[in-house]
$ cat start.cif   # mmCIF, C-alpha atoms
data_target
loop_
_atom_site.label_atom_id
_atom_site.label_comp_id
_atom_site.auth_asym_id
_atom_site.auth_seq_id
_atom_site.Cartn_x
_atom_site.Cartn_y
_atom_site.Cartn_z
CA MET T 270 0.00 0.00 0.00
CA THR T 271 1.03 3.61 -0.54
CA PRO T 272 2.40 5.08 2.71
CA LEU T 273 0.38 7.98 4.09
CA ILE T 274 2.71 10.78 5.14
CA ALA T 275 1.38 13.38 7.57
CA VAL T 276 2.76 16.84 6.80
CA ALA T 277 2.30 19.36 9.61
CA GLY T 278 0.58 22.28 7.90
CA ARG T 279 0.99 25.97 8.49
CA THR T 280 -1.51 28.85 8.52
CA GLY T 281 -1.26 31.58 5.90
CA ALA T 282 -2.97 34.95 5.67
CA SER T 283 -6.02 35.53 3.52
CA SER T 284 -5.43 36.88 0.02
CA ARG T 285 -7.17 37.48 -3.28
CA VAL T 286 -7.12 33.72 -3.79
CA SER T 287 -8.92 32.98 -0.51
CA ARG T 288 -10.86 35.39 1.67
CA ASP T 289 -10.13 33.12 4.63
CA GLU T 290 -6.83 32.11 6.17
CA VAL T 291 -5.38 29.05 4.50
CA ALA T 292 -3.79 25.88 5.87
CA PHE T 293 -0.96 24.87 3.60
CA ALA T 294 2.21 22.89 2.99
CA GLY T 295 4.95 23.75 0.54
CA LYS T 296 4.40 22.13 -2.84
CA ARG T 297 8.04 21.07 -3.14
CA TYR T 298 7.71 18.98 0.02
CA LEU T 299 4.58 17.36 -1.37
CA ASN T 300 6.08 16.74 -4.81
CA SER T 301 9.20 15.19 -3.28
CA LEU T 302 7.05 12.77 -1.29
CA LEU T 303 4.88 11.98 -4.32
CA ARG T 304 7.92 11.22 -6.47
CA ALA T 305 9.10 8.90 -3.71
CA GLY T 306 5.85 6.94 -3.84
CA GLY T 307 4.20 8.37 -0.75
CA GLU T 308 0.82 10.06 -0.36
CA PRO T 309 1.27 13.31 1.58
CA VAL T 310 -1.66 14.56 3.65
CA VAL T 311 -1.55 18.08 5.08
CA ILE T 312 -2.67 18.22 8.72
CA ALA T 313 -4.41 21.52 9.44
CA PRO T 314 -2.89 23.46 12.36
CA GLN T 315 -5.06 22.92 15.43
CA GLN T 316 -4.97 22.64 19.18
CA LEU T 317 -3.97 19.06 19.90
CA HIS T 318 -3.63 17.40 23.27
CA ASP T 319 -1.18 14.53 23.34
CA ASP T 320 -3.87 11.81 23.44
CA ALA T 321 -5.63 13.27 20.39
CA ALA T 322 -2.34 13.67 18.56
CA ARG T 323 -1.41 10.04 19.21
CA GLU T 324 -4.79 8.89 17.90
CA LEU T 325 -4.39 11.08 14.81
CA LEU T 326 -0.86 9.87 14.01
CA GLN T 327 -1.96 6.23 14.26
CA ARG T 328 -3.63 6.74 10.87
CA PHE T 329 -0.34 7.70 9.22
CA ASP T 330 2.92 5.96 8.43
CA ALA T 331 5.29 8.92 8.94
CA LEU T 332 5.49 12.62 9.79
CA VAL T 333 7.18 15.55 8.05
CA LEU T 334 7.92 18.79 9.91
CA MET T 335 8.54 21.61 7.44
CA GLY T 336 10.70 24.70 7.63
CA GLY T 337 9.21 27.99 8.76
CA PRO T 338 9.60 30.88 11.22
CA ASP T 339 11.44 30.71 14.52
CA VAL T 340 10.68 28.46 17.48
CA ASP T 341 9.67 30.33 20.63
CA PRO T 342 12.90 30.79 22.65
CA SER T 343 10.95 30.40 25.90
CA LEU T 344 10.69 26.70 25.04
CA TYR T 345 14.42 26.39 25.66
CA GLY T 346 14.54 28.81 28.57
CA GLN T 347 15.64 32.01 26.83
CA GLN T 348 14.22 35.44 26.12
CA ALA T 349 13.76 36.29 22.47
CA SER T 350 16.49 38.19 20.66
CA PRO T 351 15.31 41.18 18.59
CA ARG T 352 16.36 39.10 15.56
CA VAL T 353 13.78 36.39 16.27
CA TYR T 354 10.76 36.55 13.96
CA GLY T 355 7.42 34.90 13.25
CA VAL T 356 7.04 33.13 16.60
CA SER T 357 3.71 31.30 16.95
CA PRO T 358 3.15 29.48 20.26
CA GLN T 359 0.13 27.78 18.69
CA GLN T 360 2.18 26.38 15.80
CA ASP T 361 4.94 25.28 18.17
CA ALA T 362 2.40 23.46 20.36
CA PHE T 363 0.74 21.81 17.33
CA GLU T 364 3.98 20.53 15.83
CA SER T 365 5.36 19.50 19.22
CA ALA T 366 2.26 17.39 19.89
CA LEU T 367 2.61 15.70 16.50
CA LEU T 368 6.29 14.98 17.14
CA ARG T 369 5.56 13.43 20.53
CA ALA T 370 2.78 11.40 18.93
CA ALA T 371 5.09 10.16 16.19
CA ILE T 372 7.57 9.03 18.83
CA ALA T 373 4.84 7.33 20.87
CA ASN T 374 3.54 5.55 17.76
CA GLN T 375 7.04 4.69 16.52
CA ARG T 376 6.54 6.61 13.28
CA PRO T 377 9.55 7.96 11.37
CA VAL T 378 9.98 11.74 11.25
CA LEU T 379 11.71 13.88 8.64
CA ALA T 380 12.37 17.26 10.26
CA VAL T 381 13.46 20.02 7.86
CA CYS T 382 15.11 23.31 8.89
CA ARG T 383 12.77 24.72 11.58
CA GLY T 384 11.49 21.17 11.97
CA MET T 385 14.96 19.96 12.97
CA GLN T 386 15.32 22.86 15.38
CA LEU T 387 11.92 22.17 16.94
CA ALA T 388 12.68 18.46 17.35
CA ASN T 389 15.90 19.36 19.13
CA VAL T 390 14.08 21.78 21.44
CA VAL T 391 11.19 19.41 22.22
CA LEU T 392 13.67 16.72 23.26
CA GLY T 393 15.65 19.07 25.50
CA GLY T 394 18.13 20.96 23.33
CA SER T 395 18.59 24.66 22.61
CA LEU T 396 19.21 26.96 19.65
CA ILE T 397 21.48 29.79 18.57
CA GLN T 398 18.90 32.53 18.15
CA HIS T 399 20.77 34.43 15.43
CA LEU T 400 23.88 33.18 13.68
CA GLY T 401 24.97 36.74 12.97
CA ASP T 402 25.36 37.32 16.71
CA ALA T 403 27.49 34.21 17.27
CA PRO T 404 31.16 34.73 18.24
CA ASN T 405 32.27 33.03 15.01
CA ALA T 406 29.80 34.90 12.79
CA ALA T 407 32.51 36.34 10.55
CA SER T 408 33.72 32.86 9.57
CA LEU T 409 30.31 31.38 8.74
CA VAL T 410 29.32 30.49 5.20
CA ALA T 411 26.09 32.03 3.88
CA HIS T 412 23.19 30.09 5.39
CA ALA T 413 20.49 32.38 3.98
CA PRO T 414 20.08 34.85 1.12
CA GLY T 415 21.23 38.40 1.78
CA GLU T 416 17.67 39.73 1.93
CA PHE T 417 16.66 37.27 4.66
CA PRO T 418 13.87 36.81 5.63
CA VAL T 419 12.58 38.39 2.39
CA GLY T 420 13.43 36.86 -0.97
CA ALA T 421 12.86 33.58 -2.75
CA GLU T 422 16.38 32.40 -3.48
CA PHE T 423 18.22 30.09 -1.10
CA ALA T 424 21.90 30.14 -0.22
CA VAL T 425 23.72 26.99 -1.36
CA HIS T 426 26.68 25.38 0.41
CA ASP T 427 28.28 21.98 0.98
CA ILE T 428 27.08 19.59 3.66
CA ASN T 429 29.48 16.91 4.86
CA LEU T 430 27.85 13.78 6.26
CA VAL T 431 29.45 11.02 8.30
CA SER T 432 29.48 7.78 6.33
CA ASP T 433 27.69 5.62 8.91
CA CYS T 434 24.34 7.39 9.02
CA TRP T 435 20.88 6.99 7.51
CA LEU T 436 21.16 10.26 5.57
CA ALA T 437 24.40 9.29 3.84
CA ARG T 438 22.89 5.96 2.83
CA ALA T 439 19.76 7.74 1.60
CA ALA T 440 21.66 10.34 -0.42
CA LYS T 441 24.26 7.76 -1.53
CA CYS T 442 27.04 10.24 -0.83
CA THR T 443 28.80 11.96 2.06
CA THR T 444 29.12 15.42 0.49
CA LEU T 445 26.20 17.19 -1.12
CA ARG T 446 25.10 20.71 -2.01
CA GLY T 447 22.24 21.94 0.15
CA ALA T 448 19.83 24.84 -0.35
CA SER T 449 19.86 26.80 2.89
CA PHE T 450 17.51 29.45 4.30
CA HIS T 451 17.91 29.95 8.05
CA HIS T 452 19.38 32.39 10.54
CA GLN T 453 19.36 30.07 13.55
CA GLY T 454 21.13 26.84 14.38
CA ILE T 455 21.43 24.16 17.01
CA ASP T 456 23.38 25.15 20.09
CA ARG T 457 23.00 22.36 22.67
CA LEU T 458 22.12 19.05 21.04
CA ALA T 459 19.39 17.15 22.88
CA ASP T 460 20.29 13.86 24.51
CA GLY T 461 19.71 10.93 22.19
CA PHE T 462 20.55 12.83 19.02
CA ARG T 463 23.76 12.24 17.09
CA ALA T 464 25.40 14.91 14.96
CA VAL T 465 25.83 13.40 11.49
CA GLY T 466 26.37 16.38 9.18
CA HIS T 467 28.06 19.78 9.21
CA ALA T 468 28.59 22.77 6.96
CA PRO T 469 32.21 23.70 6.09
CA ASP T 470 32.11 26.29 8.89
CA GLY T 471 31.26 23.61 11.47
CA LEU T 472 27.59 24.48 11.90
CA LEU T 473 25.48 21.43 12.62
CA GLU T 474 23.43 20.52 9.54
CA ALA T 475 22.08 17.02 10.18
CA ILE T 476 21.04 14.96 13.19
CA GLU T 477 19.65 11.48 13.78
CA HIS T 478 18.16 10.02 16.94
CA ASP T 479 19.62 6.89 18.49
CA ALA T 480 16.31 5.49 19.79
CA HIS T 481 13.70 6.96 17.45
CA ARG T 482 13.59 7.27 13.67
CA ILE T 483 13.97 11.04 13.62
CA PHE T 484 16.06 12.42 10.77
CA GLY T 485 16.80 16.14 10.91
CA VAL T 486 18.26 18.30 8.14
CA GLN T 487 19.00 22.00 8.48
CA TRP T 488 18.96 22.56 4.72
CA HIS T 489 16.00 22.10 2.34
CA PRO T 490 16.37 18.92 0.25
CA GLU T 491 12.94 19.52 -1.30
CA ASP T 492 14.17 22.76 -2.89
CA THR T 493 16.44 20.95 -5.35
CA SER T 494 15.13 17.37 -5.19
CA ALA T 495 13.53 17.53 -8.66
CA ASP T 496 16.99 17.89 -10.24
CA ASP T 497 19.35 16.44 -7.62
CA PRO T 498 19.20 12.65 -7.09
CA ALA T 499 20.97 12.94 -3.73
CA GLN T 500 18.28 15.24 -2.35
CA GLN T 501 15.43 13.20 -3.81
CA GLY T 502 17.13 10.12 -2.40
CA ILE T 503 16.42 11.44 1.09
CA TYR T 504 12.69 11.51 0.38
CA ASP T 505 12.83 8.15 -1.41
CA ALA T 506 14.50 6.54 1.60
CA PHE T 507 12.11 8.24 4.01
CA VAL T 508 9.06 6.84 2.20
CA ARG T 509 10.70 3.39 2.15
CA THR T 510 11.24 3.72 5.90
CA ALA T 511 7.57 4.63 6.31
CA ARG T 512 6.61 1.32 4.67
CA ASN T 513 8.37 -0.66 7.43
#
$ encode --input "start.cif" --output "structure tokens"
Amino acid sequence: MTPLIAVAGRTGASSRVSRDEVAFAGKRYLNSLLRAGGEPVVIAPQQLHDDAARELLQRFDALVLMGGPDVDPSLYGQQASPRVYGVSPQQDAFESALLRAAIANQRPVLAVCRGMQLANVVLGGSLIQHLGDAPNAASLVAHAPGEFPVGAEFAVHDINLVSDCWLARAAKCTTLRGASFHHQGIDRLADGFRAVGHAPDGLLEAIEHDAHRIFGVQWHPEDTSADDPAQQGIYDAFVRTARN
């Protein structure tokens, strides 16, 4: 059977297309999952208690957490920097409940960009709130376009993966070019996660959990997956994992 992949949706403002707010997921995520043989289903943002989230996730074979605005710093015990933007406690709570439900139901999770950061925070880690304020900021490669957070183009840089990880097996390589669009990064890695990929500047770019099938990528494989077999390979392997 075709695996059903839950994609945690986001809420968008009304526009000329819809007079109401919209619940959406990025089309490139959906197309990447479709090419891999999965059937993505967008879960509308909603208030979910853990019991309801567990019941909901039982209907699905896997969960995708997309990129998006910043995670609320209060979730990792910090006050927000002026550089933090787009915080939504409701979205954080919704995605956190889905993540906990995926863990409880032993469903694999692909956590992209903000999704990786949220997974790290939910399991006890913390974030660098703004890379430009980090002590090593001058030595960092470009992790976002110059107009961040406005602008459609992504920065592109190398990602180096360790050879003995799920992501390297999925991509069938240990060095790949990733499309990047973020101004935050992982600071303290949550217990249970293993660092499996870095940018040339040392910033953590990929994590995998030792006990749960959580695969986190800081870059956006869906952005170039239509033309890059290594990036599409991540989605292909994720859908295969969802079958098991």
$ residues_around --input "start.cif" --residues "Arg328 (chain T)" --least-positions-apart "3" --cutoff "8 Å" --atoms "all atoms listed in the file" --output "list in words"
Leu273, Glu324 and Leu325 of chain T
$ atom_distance --input "start.cif" --atom1 "CA of Asp505 (chain T)" --atom2 "CA of Gly447 (chain T)"
16.8 Å
$ closest_residue --input "start.cif" --among "T:Ala331, T:Leu326, T:Ala480, T:Ala362" --to "Thr271 (chain T)" --atoms "all atoms listed in the file"
T:Ala331
$ atom_distance --input "start.cif" --atom1 "CA of Ala495 (chain T)" --atom2 "CA of Asp361 (chain T)"
29.2 Å
$ resolve_selection --input "start.cif" --expression "the PyMOL selection byres ((chain T and resi 299) around 10)" --output "list in words"
Ile274, Val276, Ala294, Gly295, Lys296, Arg297, Tyr298, Asn300, Ser301, Leu302, Leu303, Arg304, Ala305, Gly307, Glu308, Pro309, Val310, Val311, Val333 and Glu491 of chain T
$ closest_residue --input "start.cif" --among "T:Ile397, T:Leu332, T:Val353, T:Ala459" --to "Tyr504 (chain T)" --atoms "all atoms listed in the file"
T:Leu332
$ atom_distance --input "start.cif" --atom1 "CA of Ala370 (chain T)" --atom2 "CA of Gly306 (chain T)"
23.4 Å
